[in-house]
Amino acid sequence: MATQDFIRRMPEASYHLRRRSSLSQRLGIDVPLLLLLLTLTAYGLTVLISASDDSPSYIKRQVTFFVLAYGVMFAIAQVKLHSLMRWAPVMWGLGVALLVAVIFFGVGAKGAQRWLSVGGFRFQPSEIMKVILPITIAAYFAQRSLPPGIKHIFWSLVLVLVPTLLILKQPDLGTSLLIASSGLVVLFFAGIRWRLIFGALALLLASIWPMWHFVLLDYQKQRVLTLFSPESDKLGAGWNIIQSKTAIGSGGVHGKGWLQGTQSHLDFLPESHTDFIIAVLAEEFGLMGVLLLMAIYLLIFLRGMYIAMSAQDTFSRLLAGSITVTFFVYVFVNMGMVAGLLPVVGVPLPLVSHGGTSLLTLMMGFGLLMAVSTEPKRVTM
Amino acid sequence: MSDHLHLKDHSREARIFFHRAVVMGLLVVSLAGVLIYRYYNLQVVQHEDYVTESDRNRIHVKPIPPTRGLIFDRNGVLLADNRPSFTLSLIKERIKDLPETLAIISDLVDVSESDLEKFEKNLSQYRRPFEAVPLRYQLTEVEMAKLAANEYRLEGVEVEAQLVRYYPLGELFAHSVGYVGRINDREVASFDEEQKQRYSGTYSIGKIGLEKQYESRLLGEVGYQHVETNARGRVLKELEREDPQPGEDLHLFVDADVQKAAVDALAGYRGAVVAVDVRNGGVIAMASTPSFDPNLFVTGISFKDYAALRESKDIPLFDRTIQGQYPPGSTLKPMIGLGGLHTGIISSKYTINDIGYFQLPGEERRYRDHISWGHGKNVDLETAIIESCNTYYYDLANRMTIDRIHEFGSHFGLGYRTGIDIPNEKTGAWPSRQWKRERIGVSWYPGDSLNVGVGQGYVLATPLQLSVMVATMASRGTRFTPQLVDEQWDPLNEGDSLAQTDPVSQLNVSDTHWDYVQLAMEKVIHSPKGTARRISKDIGYRMAGKTGTAQVISIAQDEKYDEENVAERQRDQALFVGYAPADEPQIAIAVVLENSGHGGEKSAPIARIVLDEYFASEARRNVKHISGTP
């Protein structure tokens, strides 16, 4: 419903926007991005109502998270990008320090130590790092001439790998993948040479065997194995994948209808309101619902890339590019893992999965995007 | 960081970014394409498979047990009923801590030691996964309310309405109707696939008697309920239902009033009464005492109760009517006498001089009569039957030889299973030369024939066989297979018309001989010298019969049987066979009392009581029939 209103209002809205662009610019709001995010939020809440079995407490909490996250987004949008760039090294240092603190003082659940508890307030330093790292790498390259030379590539990789490895150790494969990609994407946009990229890819392929044997933990290996043959362990590790594929597949083209999904409502689908919520959407709204969601995500991606390309300087450009691509990585990894394409790693579906922390970091990213989008134009060229 | 000032080419950096953004855009679009293709593949291409998978997840097929067929007597009296019973059952797979759950339940409802013991026993037996194991039957309303109030802490505990077999007349029909009990491991192992299906919702199966014999007809056909369940197996709603087909009702020839009269008359004795319809073989009464309460077995008997039944010296579980094999004694005499006439070995004019014993030519041994001084001169067949003269029969058996006796007696069903429609019938023994060679490994001696002539020696018969024999005497040679179930029962006439069944054999003996022997049997009751004369007092019909007193132990040559000095278990068996009315026989009866003395004294009065009740019951039926009251 919200989507239709959105589509109908769109041309008129953009007309108004153009006329009053100065106001939205002064408020630090990128209106098309905001509308897309609001649409996604509405869609996500609709799915969550079903996925949480109509439990008001979940919805209330998620709405609170959204209000908070939008607030944070607007606040971040006011940030002066220049000062952000200056503080980047300090932020990185602080972030890494917190990650190290997690190793010593962290608290955890389900065998992973990811949280820091300060005065009863629990937070995940790895989530903060998701915002800090693209800023750091973008700042690093913004102060150097591009395309980068080997030396800068090396140091930037160090900047990426230190937090990545710290997070991998927690262990949190999903977040470390997202962090690494957010940094590497900056490298890619900075213009790192193609042969280096392909060389790195070749090296990555070659490293699969040693990675498998020496780096990945048993439960991580299990997830990969489960991906290739979920039927081998129907009631154990394969259960999630079998049930989510069943939910998606049984949804068909048009879906079983809102609140009508049997897989989720009869509790066959685990984690139905968090990481596996796309299965609920696919079951109840069918392929049509999936396509609609994908369309919204792609529009957000395109808007993000547009903001990046129209940015005033290299820092903003690299930062916006990284945030936008990382957002899509979320989407791809989550939708891929639930559909049995990728191993199960803890990556939520952006703005749809229930949960405050990842929502907050995502919205901080969008805040930065808005800051880039609305920064005062300088006449260069 | 480096303070070295780099010369930045902003437009070049923007250009690089633009190019890279285009590449990234293409990459993202193609990755999105991969995802969409994946979802398309799952949701469109493999849609049907996953719908099936999803339905298999949530839809479960629960069997609905059919209602077991009821069993009625000839007047519509219910002998085997189904009672709704609220049963408290536990599903072990859903209970985390069984001892704790049991403790909670014990606080709420009354759970006896024997309930717990039966529960443990059933739990250790074969079960389907998630099958509820009953703990308590017949919950009261108060107990059900308490359970409902505590449902939250009783995960895996279910109160289920079930139909449970109930035998309203208890002990009366324990052996003939039998009982059902919980299906045990051995029975499950013997099931084929089809039976496994049929029993998928049923907990009990016929164990003995009619319940076992007619199991497949009584059972009915299982129904199915398609239910939606959640991942934890809780049923949420019913989607589809195939109703079960109730089992077939059985209508018996048995008359519960006559049965009750028989059981009451047998009270205090170990013994059996079998009464059959002379005209079609329908079993009117069939009692074995002591008996037991079949209801004990229905929900699983406790070890203690079962041990008490099994270890009793009076063996109540033993069905004396079809499994008790007794020497028939003098009850065979009318039949053998008829055989003598029929084969021409003797005529009705033939007499002997009874001096109290019989000796085979050239042998020392004396075969004694029960009157040591004998029955005197001119003992003919009629006297021999009325007064039960052994000496006459020693002579007759010696003249007939075992071959003729065996051949003739076989027509009366001796030595064969009667074919009654309940299982575990014994054959008895009707010896012949061949039989002795095979069984004993010794050839036949003339003395063996003498013993057979008085229903002793190797001869053994079940009370049922004796009733069939006497019914065949009554019907002048037409022998029927005794049947409990009246297959021709018709709801329109409420079973008032007499079922027509085909006889298994028809013996052709001249009417003169029949007249002679049947009159002699009548005189056993109605003449002043008859061994059963005492029961003719105030009798409202003519009856024919024969008493029998069979030895359990053999008495040495010159010793006299002394009831006082013989241990109770070694006293004579008291027998009686008879039929009535004498001129147009309807009912034939055999009574056997273990270790009770003389047939005329003990067994014949019981027969009289049973026959009286039969005629009284028939009169009531006729009144009802004529007046037309339903």
# chains A, B, ... in the order shown; residues from 1 in each chain; ligands from 1

$ residues_around --residues "range 577-592 of chain B" --least-positions-apart "5" --cutoff "8 Å" --atoms "only C-alpha atoms" --output "PyMOL selection string"
chain B and resi 271-279+331+463-464+466-468+470-471+474-475+518+522+541-547+603-604+606-607+611

$ closest_atom_pairs --of "chain A" --to "chain B" --cutoff "6 Å" --atoms "only C-alpha atoms" --output "JSON lines"
{"residue": "A:Ser145", "atom": "CA", "partner": "B:Lys8", "partner_atom": "CA", "distance": 5.1}
{"residue": "A:Phe189", "atom": "CA", "partner": "B:Phe17", "partner_atom": "CA", "distance": 5.4}
{"residue": "A:Gly191", "atom": "CA", "partner": "B:Ile16", "partner_atom": "CA", "distance": 6.0}
{"residue": "A:Thr246", "atom": "CA", "partner": "B:Tyr50", "partner_atom": "CA", "distance": 5.0}
{"residue": "A:Gly249", "atom": "CA", "partner": "B:Gln43", "partner_atom": "CA", "distance": 4.2}
{"residue": "A:Ser250", "atom": "CA", "partner": "B:Val51", "partner_atom": "CA", "distance": 4.3}
{"residue": "A:Gly252", "atom": "CA", "partner": "B:Gln43", "partner_atom": "CA", "distance": 4.3}
{"residue": "A:Leu266", "atom": "CA", "partner": "B:Asn230", "partner_atom": "CA", "distance": 4.3}
{"residue": "A:Asp267", "atom": "CA", "partner": "B:Ala231", "partner_atom": "CA", "distance": 5.4}
{"residue": "A:Phe268", "atom": "CA", "partner": "B:Ala231", "partner_atom": "CA", "distance": 5.1}

$ closest_residue --among "A:Leu259, A:Ile248, A:Met73, A:Leu146" --to "Leu37 in chain A" --atoms "only C-alpha atoms"
A:Met73

$ select_by_dssp --residues "range 68-252 of chain A" --states "strand (DSSP E)" --output "PyMOL selection string"
chain A and resi 107-109+112-118+121-123

$ write_last_selection --atoms "C-alpha atoms" --output "PDB file, in the first residue's frame"
ATOM      1  CA  VAL A 107      30.549 -11.003  27.070  1.00  0.00           C
ATOM      2  CA  GLY A 108      28.854 -13.321  24.714  1.00  0.00           C
ATOM      3  CA  ALA A 109      26.152 -15.700  23.816  1.00  0.00           C
ATOM      4  CA  ALA A 112      30.728 -16.152  20.510  1.00  0.00           C
ATOM      5  CA  GLN A 113      32.162 -13.214  22.413  1.00  0.00           C
ATOM      6  CA  ARG A 114      30.933 -10.087  20.675  1.00  0.00           C
ATOM      7  CA  TRP A 115      29.624  -7.704  23.276  1.00  0.00           C
ATOM      8  CA  LEU A 116      31.025  -5.093  25.589  1.00  0.00           C
ATOM      9  CA  SER A 117      29.063  -4.213  28.656  1.00  0.00           C
ATOM     10  CA  VAL A 118      29.541  -0.752  30.085  1.00  0.00           C
ATOM     11  CA  PHE A 121      24.590  -0.959  28.511  1.00  0.00           C
ATOM     12  CA  ARG A 122      25.636  -3.625  26.049  1.00  0.00           C
ATOM     13  CA  PHE A 123      26.983  -2.853  22.616  1.00  0.00           C
TER      14      PHE A 123
END

$ select_by_dssp --residues "range 218-335 of chain A" --states "helix (DSSP H, G or I)" --output "PyMOL selection string"
chain A and resi 218-228+230-233+238-251+262-265+277-309+314-335

$ atom_distance --atom1 "CA of Phe86 in chain B" --atom2 "CA of Val133 in chain B"
13.2 Å

$ residues_around --residues "Ala311 in chain A" --least-positions-apart "6" --cutoff "10 Å" --atoms "only C-alpha atoms" --output "PDB file with N, CA and C atoms, in the first residue's frame"
ATOM      1  N   MET A 305      24.615   5.174  -5.364  1.00  0.00           N
ATOM      2  CA  MET A 305      25.685   5.340  -6.336  1.00  0.00           C
ATOM      3  C   MET A 305      25.605   6.710  -7.003  1.00  0.00           C
ATOM      4  N   ARG A 317      33.061  10.656  -2.069  1.00  0.00           N
ATOM      5  CA  ARG A 317      32.745   9.696  -3.122  1.00  0.00           C
ATOM      6  C   ARG A 317      33.038   8.265  -2.665  1.00  0.00           C
ATOM      7  N   LEU A 318      34.248   8.081  -2.152  1.00  0.00           N
ATOM      8  CA  LEU A 318      34.647   6.739  -1.720  1.00  0.00           C
ATOM      9  C   LEU A 318      33.761   6.258  -0.567  1.00  0.00           C
ATOM     10  N   LEU A 319      33.487   7.178   0.370  1.00  0.00           N
ATOM     11  CA  LEU A 319      32.657   6.828   1.522  1.00  0.00           C
ATOM     12  C   LEU A 319      31.254   6.419   1.073  1.00  0.00           C
ATOM     13  N   ALA A 320      30.654   7.249   0.234  1.00  0.00           N
ATOM     14  CA  ALA A 320      29.299   6.964  -0.246  1.00  0.00           C
ATOM     15  C   ALA A 320      29.269   5.660  -1.031  1.00  0.00           C
ATOM     16  N   GLY A 321      30.278   5.472  -1.887  1.00  0.00           N
ATOM     17  CA  GLY A 321      30.347   4.236  -2.682  1.00  0.00           C
ATOM     18  C   GLY A 321      30.434   3.020  -1.777  1.00  0.00           C
ATOM     19  N   LEU A 369      25.489   8.950   3.946  1.00  0.00           N
ATOM     20  CA  LEU A 369      25.116   9.133   2.538  1.00  0.00           C
ATOM     21  C   LEU A 369      24.385  10.465   2.354  1.00  0.00           C
ATOM     22  N   ALA A 371      24.594  13.043   4.275  1.00  0.00           N
ATOM     23  CA  ALA A 371      25.546  14.135   4.464  1.00  0.00           C
ATOM     24  C   ALA A 371      26.299  14.416   3.171  1.00  0.00           C
ATOM     25  N   VAL A 372      26.679  13.318   2.504  1.00  0.00           N
ATOM     26  CA  VAL A 372      27.384  13.476   1.221  1.00  0.00           C
ATOM     27  C   VAL A 372      26.473  14.153   0.209  1.00  0.00           C
ATOM     28  N   SER A 373      25.211  13.657   0.195  1.00  0.00           N
ATOM     29  CA  SER A 373      24.264  14.151  -0.790  1.00  0.00           C
ATOM     30  C   SER A 373      23.972  15.643  -0.611  1.00  0.00           C
ATOM     31  N   THR A 374      23.976  16.104   0.639  1.00  0.00           N
ATOM     32  CA  THR A 374      23.548  17.484   0.901  1.00  0.00           C
ATOM     33  C   THR A 374      24.698  18.419   1.253  1.00  0.00           C
ATOM     34  N   GLU A 375      25.932  17.946   1.067  1.00  0.00           N
ATOM     35  CA  GLU A 375      27.031  18.858   1.412  1.00  0.00           C
ATOM     36  C   GLU A 375      27.032  20.015   0.413  1.00  0.00           C
ATOM     37  N   PRO A 376      27.402  21.211   0.904  1.00  0.00           N
ATOM     38  CA  PRO A 376      27.335  22.401   0.054  1.00  0.00           C
ATOM     39  C   PRO A 376      28.177  22.224  -1.208  1.00  0.00           C
ATOM     40  N   LYS A 377      27.592  22.662  -2.310  1.00  0.00           N
ATOM     41  CA  LYS A 377      28.296  22.497  -3.590  1.00  0.00           C
ATOM     42  C   LYS A 377      29.478  23.486  -3.660  1.00  0.00           C
TER      43      LYS A 377
ATOM     44  N   ALA B  14      37.691  11.367 -10.162  1.00  0.00           N
ATOM     45  CA  ALA B  14      36.250  11.277 -10.405  1.00  0.00           C
ATOM     46  C   ALA B  14      35.956  10.346 -11.568  1.00  0.00           C
TER      47      ALA B  14
END

$ residues_around --residues "Ala267 in chain B" --least-positions-apart "5" --cutoff "12 Å" --atoms "only C-alpha atoms" --output "MDAnalysis selection string"
chainID B and resid 171:172 260:262 272:273 287:291 593 606

$ write_last_selection --atoms "N, CA and C atoms" --output "CSV table (one decimal), in the first residue's frame"
chain,number,residue,atom,x,y,z
B,171,GLU,N,-18.2,-61.9,34.9
B,171,GLU,CA,-17.7,-63.3,34.9
B,171,GLU,C,-18.6,-64.2,34.0
B,172,LEU,N,-19.8,-63.8,33.8
B,172,LEU,CA,-20.7,-64.8,33.2
B,172,LEU,C,-20.2,-65.3,31.8
B,260,LYS,N,-26.8,-67.4,33.1
B,260,LYS,CA,-26.7,-67.0,34.5
B,260,LYS,C,-27.2,-68.1,35.4
B,261,ALA,N,-28.3,-68.8,35.0
B,261,ALA,CA,-28.8,-69.9,35.8
B,261,ALA,C,-27.7,-71.0,35.9
B,262,ALA,N,-27.0,-71.2,34.8
B,262,ALA,CA,-25.9,-72.2,34.8
B,262,ALA,C,-24.8,-71.8,35.7
B,272,ALA,N,-18.4,-77.4,34.4
B,272,ALA,CA,-18.8,-76.8,33.2
B,272,ALA,C,-20.2,-77.2,32.8
B,273,VAL,N,-20.9,-76.3,32.2
B,273,VAL,CA,-22.3,-76.6,31.6
B,273,VAL,C,-22.3,-76.1,30.2
B,287,ALA,N,-20.9,-72.4,30.3
B,287,ALA,CA,-20.3,-71.9,31.5
B,287,ALA,C,-19.2,-72.7,32.0
B,288,SER,N,-18.2,-72.1,32.5
B,288,SER,CA,-17.1,-72.8,33.1
B,288,SER,C,-16.8,-72.1,34.4
B,289,THR,N,-16.7,-72.9,35.5
B,289,THR,CA,-16.4,-72.2,36.8
B,289,THR,C,-15.2,-72.9,37.4
B,290,PRO,N,-14.5,-72.2,38.3
B,290,PRO,CA,-14.7,-70.8,38.6
B,290,PRO,C,-14.3,-69.9,37.4
B,291,SER,N,-14.9,-68.7,37.3
B,291,SER,CA,-14.6,-67.8,36.2
B,291,SER,C,-13.8,-66.6,36.8
B,593,LEU,N,-19.0,-81.9,36.7
B,593,LEU,CA,-18.5,-81.3,37.9
B,593,LEU,C,-17.3,-82.1,38.3
B,606,ILE,N,-28.3,-79.7,38.4
B,606,ILE,CA,-27.8,-78.5,37.8
B,606,ILE,C,-28.5,-78.4,36.4

$ atom_distance --atom1 "CA of Arg365 in chain B" --atom2 "CA of Asp395 in chain B"
13.9 Å

$ residues_around --residues "Gln323 in chain B" --least-positions-apart "2" --cutoff "9 Å" --atoms "only C-alpha atoms" --output "tab-separated table (two decimals) with N, CA and C atoms, in the first residue's frame"
chain	number	residue	atom	x	y	z
B	318	PHE	N	-8.87	-71.32	32.84
B	318	PHE	CA	-9.04	-72.52	32.02
B	318	PHE	C	-10.50	-72.65	31.63
B	319	ASP	N	-10.74	-72.74	30.34
B	319	ASP	CA	-12.13	-72.87	29.88
B	319	ASP	C	-12.48	-74.35	29.85
B	320	ARG	N	-13.15	-74.80	30.90
B	320	ARG	CA	-13.44	-76.23	31.02
B	320	ARG	C	-14.38	-76.72	29.92
B	321	THR	N	-15.19	-75.84	29.34
B	321	THR	CA	-16.17	-76.29	28.35
B	321	THR	C	-15.52	-76.83	27.08
B	325	GLN	N	-10.86	-81.98	29.50
B	325	GLN	CA	-11.08	-83.29	28.87
B	325	GLN	C	-11.31	-84.30	29.99
B	424	ASN	N	-8.97	-72.49	20.56
B	424	ASN	CA	-8.31	-73.30	21.59
B	424	ASN	C	-9.13	-74.49	22.06
B	425	GLU	N	-9.97	-75.03	21.18
B	425	GLU	CA	-10.75	-76.20	21.55
B	425	GLU	C	-9.87	-77.45	21.56
B	426	LYS	N	-10.12	-78.32	22.53
B	426	LYS	CA	-9.37	-79.58	22.58
B	426	LYS	C	-10.16	-80.68	21.87
B	427	THR	N	-9.44	-81.73	21.45
B	427	THR	CA	-10.09	-82.80	20.68
B	427	THR	C	-10.71	-83.87	21.56
B	428	GLY	N	-10.26	-83.96	22.81
B	428	GLY	CA	-10.66	-85.12	23.58
B	428	GLY	C	-9.95	-86.35	23.02
B	462	THR	N	-14.63	-83.34	25.97
B	462	THR	CA	-14.89	-82.04	26.58
B	462	THR	C	-16.39	-81.94	26.84
B	463	PRO	N	-16.79	-81.12	27.79
B	463	PRO	CA	-18.24	-80.92	28.01
B	463	PRO	C	-18.95	-80.52	26.74

$ residues_around --residues "range 289-300 of chain A" --least-positions-apart "5" --cutoff "9 Å" --atoms "only C-alpha atoms" --output "mmCIF file with N, CA and C atoms, in the first residue's frame"
data_model
loop_
_atom_site.group_PDB
_atom_site.id
_atom_site.type_symbol
_atom_site.label_atom_id
_atom_site.label_comp_id
_atom_site.auth_asym_id
_atom_site.auth_seq_id
_atom_site.Cartn_x
_atom_site.Cartn_y
_atom_site.Cartn_z
ATOM 1 N N PRO A 32 14.721 11.575 -2.092
ATOM 2 C CA PRO A 32 14.465 10.271 -2.730
ATOM 3 C C PRO A 32 14.956 9.117 -1.862
ATOM 4 N N LEU A 33 16.121 9.257 -1.275
ATOM 5 C CA LEU A 33 16.648 8.187 -0.425
ATOM 6 C C LEU A 33 15.739 7.984 0.794
ATOM 7 N N LEU A 36 12.611 6.158 -0.210
ATOM 8 C CA LEU A 36 12.897 4.737 -0.444
ATOM 9 C C LEU A 36 13.055 4.006 0.886
ATOM 10 N N LEU A 37 13.770 4.662 1.818
ATOM 11 C CA LEU A 37 13.981 4.025 3.118
ATOM 12 C C LEU A 37 12.661 3.854 3.868
ATOM 13 N N THR A 39 9.693 3.593 2.516
ATOM 14 C CA THR A 39 8.960 2.514 1.852
ATOM 15 C C THR A 39 9.452 1.158 2.344
ATOM 16 N N LEU A 40 10.767 1.028 2.377
ATOM 17 C CA LEU A 40 11.358 -0.239 2.815
ATOM 18 C C LEU A 40 10.969 -0.535 4.268
ATOM 19 N N TYR A 43 7.387 -1.710 4.401
ATOM 20 C CA TYR A 43 7.318 -3.088 3.876
ATOM 21 C C TYR A 43 7.884 -4.063 4.915
ATOM 22 N N VAL A 253 4.435 -18.008 -6.926
ATOM 23 C CA VAL A 253 4.502 -16.684 -7.550
ATOM 24 C C VAL A 253 3.784 -15.647 -6.703
ATOM 25 N N HIS A 254 2.600 -16.010 -6.199
ATOM 26 C CA HIS A 254 1.788 -15.006 -5.515
ATOM 27 C C HIS A 254 1.813 -15.111 -3.995
ATOM 28 N N GLY A 255 2.390 -16.191 -3.486
ATOM 29 C CA GLY A 255 2.477 -16.311 -2.038
ATOM 30 C C GLY A 255 1.213 -16.860 -1.417
ATOM 31 N N ILE A 278 13.350 -13.146 5.235
ATOM 32 C CA ILE A 278 13.044 -13.131 3.801
ATOM 33 C C ILE A 278 12.233 -14.374 3.408
ATOM 34 N N LEU A 281 8.692 -13.534 4.011
ATOM 35 C CA LEU A 281 8.225 -12.656 2.935
ATOM 36 C C LEU A 281 7.969 -13.467 1.666
ATOM 37 N N ALA A 282 8.926 -14.318 1.328
ATOM 38 C CA ALA A 282 8.794 -15.105 0.096
ATOM 39 C C ALA A 282 7.633 -16.074 0.187
ATOM 40 N N GLU A 284 4.846 -15.692 2.047
ATOM 41 C CA GLU A 284 3.535 -15.048 2.106
ATOM 42 C C GLU A 284 3.241 -14.153 0.897
ATOM 43 N N MET A 305 24.615 5.174 -5.364
ATOM 44 C CA MET A 305 25.685 5.340 -6.336
ATOM 45 C C MET A 305 25.605 6.710 -7.003
ATOM 46 N N THR A 324 27.140 2.315 0.129
ATOM 47 C CA THR A 324 26.111 1.802 -0.781
ATOM 48 C C THR A 324 26.360 0.347 -1.145
ATOM 49 N N PHE A 327 25.856 -2.013 1.775
ATOM 50 C CA PHE A 327 24.421 -2.231 1.957
ATOM 51 C C PHE A 327 23.941 -3.360 1.059
ATOM 52 N N PHE A 328 24.380 -3.344 -0.194
ATOM 53 C CA PHE A 328 23.945 -4.399 -1.099
ATOM 54 C C PHE A 328 24.552 -5.748 -0.710
ATOM 55 N N VAL A 331 22.314 -7.359 1.601
ATOM 56 C CA VAL A 331 21.155 -7.927 0.911
ATOM 57 C C VAL A 331 21.523 -9.238 0.245
ATOM 58 N N VAL B 28 26.543 -5.582 -9.345
ATOM 59 C CA VAL B 28 25.411 -5.648 -8.419
ATOM 60 C C VAL B 28 24.151 -6.114 -9.135
ATOM 61 N N VAL B 29 23.921 -5.556 -10.336
ATOM 62 C CA VAL B 29 22.732 -5.964 -11.082
ATOM 63 C C VAL B 29 22.803 -7.448 -11.410
ATOM 64 N N ALA B 32 22.133 -9.373 -8.284
ATOM 65 C CA ALA B 32 20.691 -9.331 -8.043
ATOM 66 C C ALA B 32 19.991 -10.317 -8.969
ATOM 67 N N ILE B 36 17.560 -13.334 -7.996
ATOM 68 C CA ILE B 36 16.210 -13.449 -8.540
ATOM 69 C C ILE B 36 16.029 -14.785 -9.240
ATOM 70 N N TYR B 39 15.516 -17.371 -6.573
ATOM 71 C CA TYR B 39 14.157 -17.349 -6.014
ATOM 72 C C TYR B 39 13.132 -17.815 -7.039
#

$ atom_distance --atom1 "CA of Gln62 in chain A" --atom2 "CA of Ile76 in chain A"
20.4 Å

$ residues_around --residues "Glu363 in chain B" --least-positions-apart "3" --cutoff "12 Å" --atoms "only C-alpha atoms" --output "list of chain:residue names"
B:Phe358, B:Gln359, B:Leu360, B:Arg366, B:Tyr367, B:Tyr445, B:Pro446, B:Gly447
